[in-house]
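Shown below: upload-v5.pdb, with PDB, C-alpha atoms and all ligand atoms.
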ATOM      1  CA  ASP A  91     126.654 153.752  65.702
ATOM      2  CA  ARG A  92     124.391 152.508  62.925
ATOM      3  CA  THR A  93     122.779 155.831  62.055
ATOM      4  CA  THR A  94     126.150 157.526  61.694
ATOM      5  CA  GLU A  95     127.429 154.591  59.657
ATOM      6  CA  GLY A  96     124.371 154.754  57.411
ATOM      7  CA  GLY A  97     124.852 158.489  57.050
ATOM      8  CA  VAL A  98     128.520 158.084  56.092
ATOM      9  CA  GLU A  99     127.648 155.345  53.604
ATOM     10  CA  ALA A 100     124.910 157.449  52.015
ATOM     11  CA  GLY A 101     127.332 160.377  51.917
ATOM     12  CA  SER A 102     130.091 158.416  50.159
ATOM     13  CA  GLU A 103     127.562 156.925  47.712
ATOM     14  CA  ALA A 104     126.350 160.464  46.935
ATOM     15  CA  ALA A 105     129.983 161.581  46.458
ATOM     16  CA  ARG A 106     130.640 158.619  44.122
ATOM     17  CA  ARG A 107     127.557 159.447  42.069
ATOM     18  CA  LEU A 108     128.581 163.080  41.885
ATOM     19  CA  LYS A 109     132.062 162.082  40.723
ATOM     20  CA  ILE A 110     130.671 159.800  37.988
ATOM     21  CA  GLY A 111     128.214 162.548  36.981
ATOM     22  CA  VAL A 112     131.105 164.998  36.616
ATOM     23  CA  TYR A 113     133.095 162.429  34.584
ATOM     24  CA  PHE A 114     130.151 161.811  32.255
ATOM     25  CA  ALA A 115     129.398 165.515  31.711
ATOM     26  CA  THR A 116     133.089 166.207  31.014
ATOM     27  CA  TRP A 117     133.357 163.228  28.656
ATOM     28  CA  TRP A 118     130.325 164.340  26.610
ATOM     29  CA  ALA A 119     131.367 168.005  26.473
ATOM     30  CA  LEU A 120     134.911 167.137  25.357
ATOM     31  CA  ASN A 121     133.520 164.712  22.790
ATOM     32  CA  VAL A 122     131.169 167.303  21.289
ATOM     33  CA  VAL A 123     134.075 169.755  20.883
ATOM     34  CA  PHE A 124     136.258 167.010  19.351
ATOM     35  CA  ASN A 125     133.571 166.045  16.841
ATOM     36  CA  ILE A 126     133.012 169.622  15.734
ATOM     37  CA  TYR A 127     136.681 170.477  15.212
ATOM     38  CA  ASN A 128     137.373 167.079  13.666
ATOM     39  CA  LYS A 129     134.672 167.693  11.042
ATOM     40  CA  LYS A 130     135.768 171.301  10.427
ATOM     41  CA  VAL A 131     139.281 169.987   9.791
ATOM     42  CA  LEU A 132     138.093 167.127   7.547
ATOM     43  CA  ASN A 133     135.905 169.489   5.480
ATOM     44  CA  ALA A 134     138.946 171.603   4.604
ATOM     45  CA  PHE A 135     141.563 168.852   4.710
ATOM     46  CA  PRO A 136     140.094 165.457   3.765
ATOM     47  CA  TYR A 137     142.951 163.267   5.013
ATOM     48  CA  PRO A 138     141.463 161.191   7.837
ATOM     49  CA  TRP A 139     144.498 158.884   8.123
ATOM     50  CA  LEU A 140     146.716 161.831   8.982
ATOM     51  CA  THR A 141     144.234 163.513  11.336
ATOM     52  CA  SER A 142     143.721 160.216  13.236
ATOM     53  CA  THR A 143     147.498 159.820  13.517
ATOM     54  CA  LEU A 144     147.873 163.393  14.762
ATOM     55  CA  SER A 145     145.281 162.892  17.503
ATOM     56  CA  LEU A 146     147.181 159.844  18.783
ATOM     57  CA  ALA A 147     150.518 161.662  18.487
ATOM     58  CA  CYS A 148     149.229 164.676  20.382
ATOM     59  CA  GLY A 149     147.838 162.494  23.197
ATOM     60  CA  SER A 150     151.083 160.532  23.409
ATOM     61  CA  LEU A 151     153.099 163.740  23.624
ATOM     62  CA  MET A 152     150.802 165.219  26.279
ATOM     63  CA  MET A 153     151.236 162.116  28.413
ATOM     64  CA  LEU A 154     155.012 161.919  27.945
ATOM     65  CA  VAL A 155     155.247 165.527  29.124
ATOM     66  CA  SER A 156     152.915 164.783  32.067
ATOM     67  CA  TRP A 157     155.136 161.860  33.069
ATOM     68  CA  ALA A 158     158.373 163.813  32.636
ATOM     69  CA  THR A 159     157.080 166.703  34.764
ATOM     70  CA  ARG A 160     155.526 164.289  37.305
ATOM     71  CA  LEU A 161     152.126 165.815  36.641
ATOM     72  CA  ALA A 162     150.996 162.216  36.237
ATOM     73  CA  GLU A 163     152.564 159.229  37.899
ATOM     74  CA  VAL A 164     154.698 157.131  35.526
ATOM     75  CA  PRO A 165     153.032 153.701  35.204
ATOM     76  CA  LYS A 166     154.976 150.605  36.139
ATOM     77  CA  THR A 167     154.652 148.300  33.164
ATOM     78  CA  ASP A 168     156.268 145.011  32.198
ATOM     79  CA  PRO A 169     156.505 143.188  28.835
ATOM     80  CA  GLY A 170     153.388 141.201  29.796
ATOM     81  CA  PHE A 171     151.417 144.453  30.081
ATOM     82  CA  TRP A 172     152.431 145.597  26.574
ATOM     83  CA  LYS A 173     151.725 142.153  25.164
ATOM     84  CA  ALA A 174     148.213 142.214  26.597
ATOM     85  CA  LEU A 175     147.786 145.775  25.321
ATOM     86  CA  ALA A 176     148.712 144.863  21.726
ATOM     87  CA  PRO A 177     145.294 143.480  20.663
ATOM     88  CA  VAL A 178     143.549 146.425  22.378
ATOM     89  CA  ALA A 179     145.780 148.812  20.430
ATOM     90  CA  VAL A 180     145.096 147.057  17.115
ATOM     91  CA  ALA A 181     141.343 147.300  17.758
ATOM     92  CA  HIS A 182     141.604 150.927  18.950
ATOM     93  CA  THR A 183     143.588 151.888  15.843
ATOM     94  CA  ILE A 184     141.134 150.237  13.444
ATOM     95  CA  GLY A 185     138.086 151.670  15.260
ATOM     96  CA  HIS A 186     139.549 155.159  15.380
ATOM     97  CA  VAL A 187     140.720 155.386  11.769
ATOM     98  CA  ALA A 188     137.496 153.784  10.481
ATOM     99  CA  ALA A 189     135.329 156.317  12.370
ATOM    100  CA  THR A 190     137.440 159.202  11.087
ATOM    101  CA  VAL A 191     137.313 157.922   7.489
ATOM    102  CA  SER A 192     133.535 157.646   7.941
ATOM    103  CA  MET A 193     133.247 161.228   9.185
ATOM    104  CA  SER A 194     135.305 162.457   6.261
ATOM    105  CA  LYS A 195     132.648 161.046   3.895
ATOM    106  CA  VAL A 196     129.317 161.631   5.664
ATOM    107  CA  ALA A 197     127.698 163.948   8.224
ATOM    108  CA  VAL A 198     128.968 163.551  11.809
ATOM    109  CA  SER A 199     125.385 162.806  12.873
ATOM    110  CA  PHE A 200     125.139 159.881  10.424
ATOM    111  CA  THR A 201     128.384 158.302  11.658
ATOM    112  CA  HIS A 202     127.137 158.535  15.245
ATOM    113  CA  ILE A 203     123.683 157.170  14.409
ATOM    114  CA  ILE A 204     125.354 154.063  12.963
ATOM    115  CA  LYS A 205     127.723 153.988  15.926
ATOM    116  CA  SER A 206     124.761 153.945  18.300
ATOM    117  CA  GLY A 207     124.294 150.375  17.011
ATOM    118  CA  GLU A 208     127.448 149.258  18.873
ATOM    119  CA  PRO A 209     125.553 147.246  21.551
ATOM    120  CA  ALA A 210     124.116 145.049  18.799
ATOM    121  CA  PHE A 211     127.636 144.192  17.667
ATOM    122  CA  SER A 212     128.644 143.546  21.243
ATOM    123  CA  VAL A 213     125.877 140.938  21.594
ATOM    124  CA  LEU A 214     126.626 139.318  18.228
ATOM    125  CA  VAL A 215     130.364 139.059  18.937
ATOM    126  CA  SER A 216     129.796 137.733  22.466
ATOM    127  CA  ARG A 217     127.223 135.227  21.217
ATOM    128  CA  PHE A 218     128.939 133.866  18.117
ATOM    129  CA  LEU A 219     132.620 134.272  18.924
ATOM    130  CA  LEU A 220     132.680 133.905  22.699
ATOM    131  CA  GLY A 221     129.711 131.554  23.028
ATOM    132  CA  GLU A 222     127.982 133.745  25.649
ATOM    133  CA  THR A 223     124.221 133.479  25.803
ATOM    134  CA  PHE A 224     121.762 136.197  26.789
ATOM    135  CA  PRO A 225     118.138 136.339  27.942
ATOM    136  CA  VAL A 226     115.634 136.586  25.107
ATOM    137  CA  GLN A 227     114.859 140.259  25.956
ATOM    138  CA  VAL A 228     118.438 141.157  25.041
ATOM    139  CA  TYR A 229     118.049 139.635  21.573
ATOM    140  CA  LEU A 230     114.675 141.357  21.173
ATOM    141  CA  SER A 231     116.216 144.735  22.013
ATOM    142  CA  LEU A 232     118.522 144.303  19.023
ATOM    143  CA  LEU A 233     115.523 144.551  16.673
ATOM    144  CA  PRO A 234     114.917 148.301  17.254
ATOM    145  CA  ILE A 235     118.687 148.966  17.289
ATOM    146  CA  ILE A 236     119.274 147.259  13.946
ATOM    147  CA  GLY A 237     115.944 148.367  12.458
ATOM    148  CA  GLY A 238     116.447 151.990  13.565
ATOM    149  CA  CYS A 239     119.982 152.144  12.165
ATOM    150  CA  ALA A 240     118.801 150.564   8.908
ATOM    151  CA  LEU A 241     115.932 153.064   8.584
ATOM    152  CA  ALA A 242     118.300 155.967   9.277
ATOM    153  CA  ALA A 243     120.792 154.623   6.729
ATOM    154  CA  VAL A 244     118.333 154.099   3.859
ATOM    155  CA  THR A 245     116.745 157.532   4.373
ATOM    156  CA  GLU A 246     120.078 159.373   4.772
ATOM    157  CA  LEU A 247     120.182 162.131   2.171
ATOM    158  CA  ASN A 248     123.958 162.042   1.793
ATOM    159  CA  PHE A 249     124.471 158.302   2.037
ATOM    160  CA  ASN A 250     127.937 157.128   1.130
ATOM    161  CA  MET A 251     129.117 153.513   1.266
ATOM    162  CA  THR A 252     132.600 154.293   2.633
ATOM    163  CA  GLY A 253     131.019 156.472   5.316
ATOM    164  CA  PHE A 254     128.588 153.714   6.266
ATOM    165  CA  MET A 255     131.168 150.912   6.241
ATOM    166  CA  GLY A 256     133.649 152.995   8.240
ATOM    167  CA  ALA A 257     131.118 153.426  11.044
ATOM    168  CA  MET A 258     130.241 149.691  10.913
ATOM    169  CA  ILE A 259     133.928 148.651  11.050
ATOM    170  CA  SER A 260     134.437 151.052  13.946
ATOM    171  CA  ASN A 261     131.534 149.369  15.790
ATOM    172  CA  ILE A 262     133.072 145.911  15.403
ATOM    173  CA  ALA A 263     136.596 147.078  16.281
ATOM    174  CA  PHE A 264     135.437 148.921  19.414
ATOM    175  CA  VAL A 265     133.518 145.885  20.660
ATOM    176  CA  PHE A 266     136.797 143.959  20.604
ATOM    177  CA  ARG A 267     138.660 146.903  22.115
ATOM    178  CA  ASN A 268     136.232 147.050  25.025
ATOM    179  CA  ILE A 269     136.334 143.298  25.637
ATOM    180  CA  PHE A 270     140.154 143.224  25.575
ATOM    181  CA  SER A 271     140.520 146.449  27.661
ATOM    182  CA  LYS A 272     138.274 145.104  30.381
ATOM    183  CA  LYS A 273     140.452 141.991  30.599
ATOM    184  CA  GLY A 274     143.678 144.024  30.428
ATOM    185  CA  MET A 275     142.692 146.525  33.125
ATOM    186  CA  LYS A 276     141.482 143.887  35.584
ATOM    187  CA  GLY A 277     143.838 143.350  38.517
ATOM    188  CA  LYS A 278     146.433 145.743  37.038
ATOM    189  CA  SER A 279     147.900 148.628  38.997
ATOM    190  CA  VAL A 280     147.883 150.947  35.943
ATOM    191  CA  SER A 281     145.212 153.671  36.295
ATOM    192  CA  GLY A 282     142.592 154.324  33.622
ATOM    193  CA  MET A 283     144.424 157.483  32.576
ATOM    194  CA  ASN A 284     147.773 155.741  32.155
ATOM    195  CA  TYR A 285     146.180 152.721  30.524
ATOM    196  CA  TYR A 286     144.779 155.007  27.847
ATOM    197  CA  ALA A 287     148.133 156.816  27.529
ATOM    198  CA  CYS A 288     149.944 153.536  26.783
ATOM    199  CA  LEU A 289     147.146 152.588  24.415
ATOM    200  CA  SER A 290     147.609 155.849  22.457
ATOM    201  CA  MET A 291     151.338 155.309  22.143
ATOM    202  CA  LEU A 292     151.044 151.755  20.896
ATOM    203  CA  SER A 293     148.247 152.726  18.470
ATOM    204  CA  LEU A 294     150.381 155.571  17.153
ATOM    205  CA  LEU A 295     153.170 153.113  16.326
ATOM    206  CA  ILE A 296     150.719 150.835  14.532
ATOM    207  CA  LEU A 297     148.915 153.573  12.604
ATOM    208  CA  THR A 298     151.842 155.716  11.374
ATOM    209  CA  PRO A 299     153.175 153.360   8.639
ATOM    210  CA  PHE A 300     149.643 152.726   7.359
ATOM    211  CA  ALA A 301     148.848 156.450   7.251
ATOM    212  CA  ILE A 302     152.023 157.046   5.219
ATOM    213  CA  ALA A 303     151.155 154.180   2.871
ATOM    214  CA  VAL A 304     147.501 155.187   2.345
ATOM    215  CA  GLU A 305     147.897 158.980   2.115
ATOM    216  CA  GLY A 306     151.528 160.031   2.504
ATOM    217  CA  PRO A 307     153.517 163.271   2.812
ATOM    218  CA  GLN A 308     152.952 164.434  -0.781
ATOM    219  CA  MET A 309     149.169 164.445  -0.473
ATOM    220  CA  TRP A 310     149.381 165.989   2.974
ATOM    221  CA  ALA A 311     151.619 168.839   1.848
ATOM    222  CA  ALA A 312     149.379 169.747  -1.097
ATOM    223  CA  GLY A 313     146.221 169.416   1.037
ATOM    224  CA  TRP A 314     147.710 171.480   3.834
ATOM    225  CA  GLU A 315     148.591 174.350   1.506
ATOM    226  CA  LYS A 316     145.076 174.342   0.103
ATOM    227  CA  ALA A 317     143.498 174.307   3.572
ATOM    228  CA  ILE A 318     145.684 177.191   4.771
ATOM    229  CA  SER A 319     144.856 179.239   1.694
ATOM    230  CA  GLN A 320     141.115 178.615   2.147
ATOM    231  CA  ILE A 321     140.819 178.934   5.936
ATOM    232  CA  GLY A 322     143.868 180.982   6.899
ATOM    233  CA  PRO A 323     146.757 180.305   9.263
ATOM    234  CA  HIS A 324     144.386 179.652  12.190
ATOM    235  CA  PHE A 325     143.558 176.319  10.525
ATOM    236  CA  ILE A 326     146.406 174.895  12.574
ATOM    237  CA  TRP A 327     144.407 175.662  15.757
ATOM    238  CA  TRP A 328     141.510 173.587  14.464
ATOM    239  CA  VAL A 329     143.910 170.676  13.979
ATOM    240  CA  ALA A 330     145.363 171.254  17.440
ATOM    241  CA  ALA A 331     141.865 171.399  18.964
ATOM    242  CA  GLN A 332     140.702 168.157  17.334
ATOM    243  CA  SER A 333     143.878 166.412  18.515
ATOM    244  CA  VAL A 334     143.864 167.690  22.095
ATOM    245  CA  PHE A 335     140.137 167.109  22.586
ATOM    246  CA  TYR A 336     140.386 163.610  21.112
ATOM    247  CA  HIS A 337     142.908 162.684  23.751
ATOM    248  CA  LEU A 338     141.062 164.392  26.598
ATOM    249  CA  TYR A 339     137.666 162.816  25.929
ATOM    250  CA  ASN A 340     139.170 159.351  25.627
ATOM    251  CA  GLN A 341     141.225 159.861  28.761
ATOM    252  CA  VAL A 342     138.151 160.873  30.756
ATOM    253  CA  SER A 343     136.178 157.956  29.308
ATOM    254  CA  TYR A 344     138.898 155.503  30.439
ATOM    255  CA  MET A 345     138.982 157.213  33.860
ATOM    256  CA  SER A 346     135.249 156.547  34.166
ATOM    257  CA  LEU A 347     135.587 152.978  32.878
ATOM    258  CA  ASP A 348     137.849 152.435  35.886
ATOM    259  CA  GLU A 349     134.935 153.334  38.202
ATOM    260  CA  ILE A 350     131.887 151.885  36.506
ATOM    261  CA  SER A 351     130.715 148.681  34.862
ATOM    262  CA  PRO A 352     131.077 148.279  31.092
ATOM    263  CA  LEU A 353     127.283 148.342  30.923
ATOM    264  CA  THR A 354     126.985 151.764  32.601
ATOM    265  CA  PHE A 355     129.812 152.835  30.307
ATOM    266  CA  SER A 356     127.922 151.852  27.183
ATOM    267  CA  ILE A 357     124.764 153.643  28.369
ATOM    268  CA  GLY A 358     126.876 156.750  28.976
ATOM    269  CA  ASN A 359     128.359 156.370  25.514
ATOM    270  CA  THR A 360     124.933 156.249  23.867
ATOM    271  CA  MET A 361     123.801 159.333  25.746
ATOM    272  CA  LYS A 362     127.000 160.990  24.561
ATOM    273  CA  ARG A 363     125.990 160.224  20.950
ATOM    274  CA  ILE A 364     122.658 162.022  21.419
ATOM    275  CA  SER A 365     124.497 165.224  22.369
ATOM    276  CA  VAL A 366     126.921 164.811  19.447
ATOM    277  CA  ILE A 367     124.117 164.107  16.930
ATOM    278  CA  VAL A 368     122.008 167.073  18.050
ATOM    279  CA  SER A 369     124.866 169.578  18.333
ATOM    280  CA  SER A 370     126.470 168.617  15.021
ATOM    281  CA  ILE A 371     123.116 168.874  13.179
ATOM    282  CA  ILE A 372     122.691 172.398  14.566
ATOM    283  CA  ILE A 373     126.264 173.549  13.928
ATOM    284  CA  PHE A 374     126.705 172.072  10.437
ATOM    285  CA  HIS A 375     123.066 172.720   9.368
ATOM    286  CA  THR A 376     122.763 169.040   8.433
ATOM    287  CA  PRO A 377     119.529 168.420   6.514
ATOM    288  CA  VAL A 378     117.405 165.753   8.256
ATOM    289  CA  GLN A 379     114.183 164.241   7.042
ATOM    290  CA  PRO A 380     111.604 163.330   9.728
ATOM    291  CA  VAL A 381     111.794 159.616   8.816
ATOM    292  CA  ASN A 382     115.577 159.769   9.135
ATOM    293  CA  ALA A 383     115.312 161.292  12.623
ATOM    294  CA  LEU A 384     112.745 158.623  13.497
ATOM    295  CA  GLY A 385     115.258 155.896  12.574
ATOM    296  CA  ALA A 386     117.887 157.469  14.824
ATOM    297  CA  ALA A 387     115.407 157.798  17.695
ATOM    298  CA  ILE A 388     114.338 154.129  17.363
ATOM    299  CA  ALA A 389     117.974 152.981  17.354
ATOM    300  CA  ILE A 390     118.786 154.999  20.476
ATOM    301  CA  LEU A 391     115.624 153.842  22.231
ATOM    302  CA  GLY A 392     116.697 150.280  21.359
ATOM    303  CA  THR A 393     120.010 150.864  23.121
ATOM    304  CA  PHE A 394     118.150 151.873  26.284
ATOM    305  CA  LEU A 395     115.952 148.786  26.064
ATOM    306  CA  TYR A 396     119.127 146.747  25.600
ATOM    307  CA  SER A 397     120.680 148.187  28.752
ATOM    308  CA  GLN A 398     117.491 147.478  30.703
ATOM    309  CA  ALA A 399     117.376 143.914  29.361
ATOM    310  CA  LYS A 400     121.027 143.322  30.239
ATOM    311  CA  GLN A 401     120.509 144.529  33.771
TER
HETATM  312  C1  LIG A 501     137.229 158.179  16.731
HETATM  313  O1  LIG A 501     137.706 159.014  16.018
HETATM  314  O2  LIG A 501     137.893 157.317  17.319
HETATM  315  C2  LIG A 501     135.752 158.164  16.898
HETATM  316  O3  LIG A 501     135.191 159.411  16.773
HETATM  317  C3  LIG A 501     135.474 157.517  18.185
HETATM  318  O4  LIG A 501     134.171 157.415  18.414
HETATM  319  P1  LIG A 501     133.606 157.107  19.856
HETATM  320  O5  LIG A 501     134.698 157.319  20.858
HETATM  321  O6  LIG A 501     132.525 158.112  19.972
HETATM  322  O7  LIG A 501     133.116 155.693  19.804
END
Translate this structure into structure tokens?
Ligand code: 3PG
Amino acid sequence: DRTTEGGVEAGSEAARRLKIGVYFATWWALNVVFNIYNKKVLNAFPYPWLTSTLSLACGSLMMLVSWATRLAEVPKTDPGFWKALAPVAVAHTIGHVAATVSMSKVAVSFTHIIKSGEPAFSVLVSRFLLGETFPVQVYLSLLPIIGGCALAAVTELNFNMTGFMGAMISNIAFVFRNIFSKKGMKGKSVSGMNYYACLSMLSLLILTPFAIAVEGPQMWAAGWEKAISQIGPHFIWWVAAQSVFYHLYNQVSYMSLDEISPLTFSIGNTMKRISVIVSSIIIFHTPVQPVNALGAAIAILGTFLYSQAKQ
């Protein structure tokens, strides 16, 4: 009868919300741990091209083992799938390495403040490259996002151009990654987890030759020795932690993208940045001026206004 039906519906809606809530909380927690270990590693070993490659390699290995042991189902892919994945992988590689280069030059909080401007890039790309139009409120919401990021950037005590540009490039690359992923995942039988696994593997193939060309084994060997002598042999665990947590947070984020709209995803991502900004400021004792914090707050508020306007 109707009442039972209504009850079942309400129950499954509550279960769905609970599941998404658990995904979000896990995604943010894993991301905070990744960001902390990533920065600890970069402080002692400033080779972001290698650390980004290692995070992709570790994720690829974890998934190959999961497939071999049947812990995860092996995805059925065809050449068309890999062809469609190629542009996503190019964008993922650029966005990942650019964010890591940024974090090697500036405070984690600064990178994430600039990265909270991603919705603005999403609108600009959709408007000028894809010809999509939006209601005027959406354009208006870009003002606090851009203004807030600009205020945070000009008042940043440890401003660095490479750090700033890395975060900006990452914003643009991830907008393309999200647009292409959404298209690639639609109507495909590959789960979010396996989609991200394939993405890691393809990105690893793309990034490795560039990492060797930009940094290379000689620099890595000398840097590694220095890091071990400064930190001790447990430095390797920091590298392992940044790599494992990088894979896990991305995997969970792709598992949630499977269940929710890209809009809900981007709101979740902004809320994630608040927890990263706050926790990294506390852990790394990052100096923040009030006007700098105000810029970050305006930018994040702008993202919420943007999500409201898009709805
Ligand atoms: C990376 O290394 O890829 C960045 O830290 C990713 O940032 P995001 O997933 O928070 O956008």
* Asked: Given a cut-off of 10 Å, what residues near ligand LIG 501 (chain A) show up using all atoms listed in the file, put as a PyMOL selection string?
  -> chain A and resi 117-118+121-122+124-125+128+138+141-142+145-146+182-193+198+201-202+205-206+208+257+260-261+263-265+332-333+336-337+339-340+343+356+359-360+362-363+366
Take the selection from the previous step and output its residues with C-alpha atoms, as a JSON list (two decimals), in the frame of the given file.
[["chain", "number", "residue", "atom", "x", "y", "z"],
["A", 117, "TRP", "CA", 133.36, 163.23, 28.66],
["A", 118, "TRP", "CA", 130.32, 164.34, 26.61],
["A", 121, "ASN", "CA", 133.52, 164.71, 22.79],
["A", 122, "VAL", "CA", 131.17, 167.30, 21.29],
["A", 124, "PHE", "CA", 136.26, 167.01, 19.35],
["A", 125, "ASN", "CA", 133.57, 166.04, 16.84],
["A", 128, "ASN", "CA", 137.37, 167.08, 13.67],
["A", 138, "PRO", "CA", 141.46, 161.19, 7.84],
["A", 141, "THR", "CA", 144.23, 163.51, 11.34],
["A", 142, "SER", "CA", 143.72, 160.22, 13.24],
["A", 145, "SER", "CA", 145.28, 162.89, 17.50],
["A", 146, "LEU", "CA", 147.18, 159.84, 18.78],
["A", 182, "HIS", "CA", 141.60, 150.93, 18.95],
["A", 183, "THR", "CA", 143.59, 151.89, 15.84],
["A", 184, "ILE", "CA", 141.13, 150.24, 13.44],
["A", 185, "GLY", "CA", 138.09, 151.67, 15.26],
["A", 186, "HIS", "CA", 139.55, 155.16, 15.38],
["A", 187, "VAL", "CA", 140.72, 155.39, 11.77],
["A", 188, "ALA", "CA", 137.50, 153.78, 10.48],
["A", 189, "ALA", "CA", 135.33, 156.32, 12.37],
["A", 190, "THR", "CA", 137.44, 159.20, 11.09],
["A", 191, "VAL", "CA", 137.31, 157.92, 7.49],
["A", 192, "SER", "CA", 133.54, 157.65, 7.94],
["A", 193, "MET", "CA", 133.25, 161.23, 9.18],
["A", 198, "VAL", "CA", 128.97, 163.55, 11.81],
["A", 201, "THR", "CA", 128.38, 158.30, 11.66],
["A", 202, "HIS", "CA", 127.14, 158.54, 15.24],
["A", 205, "LYS", "CA", 127.72, 153.99, 15.93],
["A", 206, "SER", "CA", 124.76, 153.94, 18.30],
["A", 208, "GLU", "CA", 127.45, 149.26, 18.87],
["A", 257, "ALA", "CA", 131.12, 153.43, 11.04],
["A", 260, "SER", "CA", 134.44, 151.05, 13.95],
["A", 261, "ASN", "CA", 131.53, 149.37, 15.79],
["A", 263, "ALA", "CA", 136.60, 147.08, 16.28],
["A", 264, "PHE", "CA", 135.44, 148.92, 19.41],
["A", 265, "VAL", "CA", 133.52, 145.88, 20.66],
["A", 332, "GLN", "CA", 140.70, 168.16, 17.33],
["A", 333, "SER", "CA", 143.88, 166.41, 18.52],
["A", 336, "TYR", "CA", 140.39, 163.61, 21.11],
["A", 337, "HIS", "CA", 142.91, 162.68, 23.75],
["A", 339, "TYR", "CA", 137.67, 162.82, 25.93],
["A", 340, "ASN", "CA", 139.17, 159.35, 25.63],
["A", 343, "SER", "CA", 136.18, 157.96, 29.31],
["A", 356, "SER", "CA", 127.92, 151.85, 27.18],
["A", 359, "ASN", "CA", 128.36, 156.37, 25.51],
["A", 360, "THR", "CA", 124.93, 156.25, 23.87],
["A", 362, "LYS", "CA", 127.00, 160.99, 24.56],
["A", 363, "ARG", "CA", 125.99, 160.22, 20.95],
["A", 366, "VAL", "CA", 126.92, 164.81, 19.45]]
* **Proximity to Val226 in chain A - best of A:Val213, A:Ala197, A:Leu297, A:Ala100, all atoms listed in the file** => A:Val213
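For Thr252 in chain A, the residues within 7 Å (counting all atoms listed in the file, excluding itself and residues fewer than 2 positions away along the chain) are Ser192, Lys195, Asn250, Phe254, Met255 and Gly256 of chain A.
Note that CA of Leu120 in chain A and CA of Pro209 in chain A are 22.3 Å apart.
Distance check against Leu338 in chain A using all atoms listed in the file: of A:Leu132, A:Val228, A:Met283, A:Leu391, the minimum falls on A:Met283.
Residue membership of the PyMOL selection byres (((chain A and resi 272) around 12) and not hetatm) in the shown file amounts to Ala174, Leu175, Val178, Phe264, Val265, Phe266, Arg267, Asn268, Ile269, Phe270, Ser271, Lys273, Gly274, Met275, Lys276, Gly277, Lys278, Gly282, Tyr285, Tyr344, Leu347, Asp348, Glu349, Ile350, Ser351, Pro352, Leu353 and Phe355 of chain A.
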* Structure fact -> Pairwise distance, CA of Gly253 in chain A with CA of Val196 in chain A, equals 5.4 Å
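Here CA of Ser150 in chain A stands at a distance of 26.0 Å from CA of Glu315 in chain A.
Distances here use only C-alpha atoms; by that measure, the residue among A:Ser290, A:Ser102, A:Gln308, A:Ser279 closest to Cys148 in chain A is A:Ser290.
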* Counting only C-alpha atoms, which of A:Trp314, A:Phe300, A:Tyr396, A:Phe224 gets nearest to Thr143 in chain A? -> A:Phe300
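Evaluated against this file, the PyMOL selection byres (((chain A and resi 388) around 10) and not hetatm) yields Leu233, Pro234, Ile235, Ile236, Gly237, Gly238, Cys239, Leu241, Ala242, Ala383, Leu384, Gly385, Ala386, Ala387, Ala389, Ile390, Leu391, Gly392, Thr393 and Phe394 of chain A.
Distance cut-off 9 Å, centre (146.2, 150.4, 21.1), atoms counted only C-alpha atoms; the residues meeting this are Leu175, Ala176, Pro177, Val178, Ala179, Val180, Ala181, His182, Thr183, Arg267, Tyr286, Cys288, Leu289, Ser290, Met291, Leu292, Ser293, Leu294, Leu295 and Ile296 of chain A.
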Could you work out an axis-aligned box for range 376-379 of chain A, taking every atom the file lists and adding 4 Å on each side, and report centre and edge lengths in Å to one decimal, as JSON?
{"center_x": 118.5, "center_y": 166.6, "center_z": 7.5, "size_x": 16.6, "size_y": 12.8, "size_z": 9.9}
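Residues matched by the PyMOL selection byres (((chain A and resi 225) around 12) and not hetatm) in this structure: Val213, Arg217, Glu222, Thr223, Phe224, Val226, Gln227, Val228, Tyr229, Leu230, Ser231, Leu232, Tyr396, Gln398, Ala399, Lys400 and Gln401 of chain A.
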Save range 162-170 of chain A to a file: N, CA and C atoms, as a PDB file, in the first residue's frame.
ATOM      1  N   ALA A 162      38.862  -6.561  -6.648  1.00  0.00           N
ATOM      2  CA  ALA A 162      38.004  -5.693  -7.463  1.00  0.00           C
ATOM      3  C   ALA A 162      37.773  -6.398  -8.792  1.00  0.00           C
ATOM      4  N   GLU A 163      36.603  -6.180  -9.336  1.00  0.00           N
ATOM      5  CA  GLU A 163      36.269  -6.806 -10.609  1.00  0.00           C
ATOM      6  C   GLU A 163      37.106  -6.178 -11.726  1.00  0.00           C
ATOM      7  N   VAL A 164      37.646  -7.009 -12.622  1.00  0.00           N
ATOM      8  CA  VAL A 164      38.446  -6.472 -13.729  1.00  0.00           C
ATOM      9  C   VAL A 164      37.484  -5.800 -14.729  1.00  0.00           C
ATOM     10  N   PRO A 165      37.756  -4.531 -15.094  1.00  0.00           N
ATOM     11  CA  PRO A 165      36.808  -3.867 -16.004  1.00  0.00           C
ATOM     12  C   PRO A 165      36.910  -4.413 -17.425  1.00  0.00           C
ATOM     13  N   LYS A 166      35.774  -4.423 -18.102  1.00  0.00           N
ATOM     14  CA  LYS A 166      35.804  -4.841 -19.509  1.00  0.00           C
ATOM     15  C   LYS A 166      35.951  -3.572 -20.335  1.00  0.00           C
ATOM     16  N   THR A 167      37.125  -3.439 -20.971  1.00  0.00           N
ATOM     17  CA  THR A 167      37.345  -2.214 -21.743  1.00  0.00           C
ATOM     18  C   THR A 167      37.643  -2.584 -23.194  1.00  0.00           C
ATOM     19  N   ASP A 168      37.381  -1.627 -24.080  1.00  0.00           N
ATOM     20  CA  ASP A 168      37.715  -1.843 -25.497  1.00  0.00           C
ATOM     21  C   ASP A 168      38.564  -0.649 -25.956  1.00  0.00           C
ATOM     22  N   PRO A 169      39.141  -0.712 -27.171  1.00  0.00           N
ATOM     23  CA  PRO A 169      39.988   0.401 -27.616  1.00  0.00           C
ATOM     24  C   PRO A 169      39.253   1.744 -27.576  1.00  0.00           C
ATOM     25  N   GLY A 170      37.939   1.710 -27.826  1.00  0.00           N
ATOM     26  CA  GLY A 170      37.151   2.951 -27.795  1.00  0.00           C
ATOM     27  C   GLY A 170      37.185   3.587 -26.408  1.00  0.00           C
TER      28      GLY A 170
END
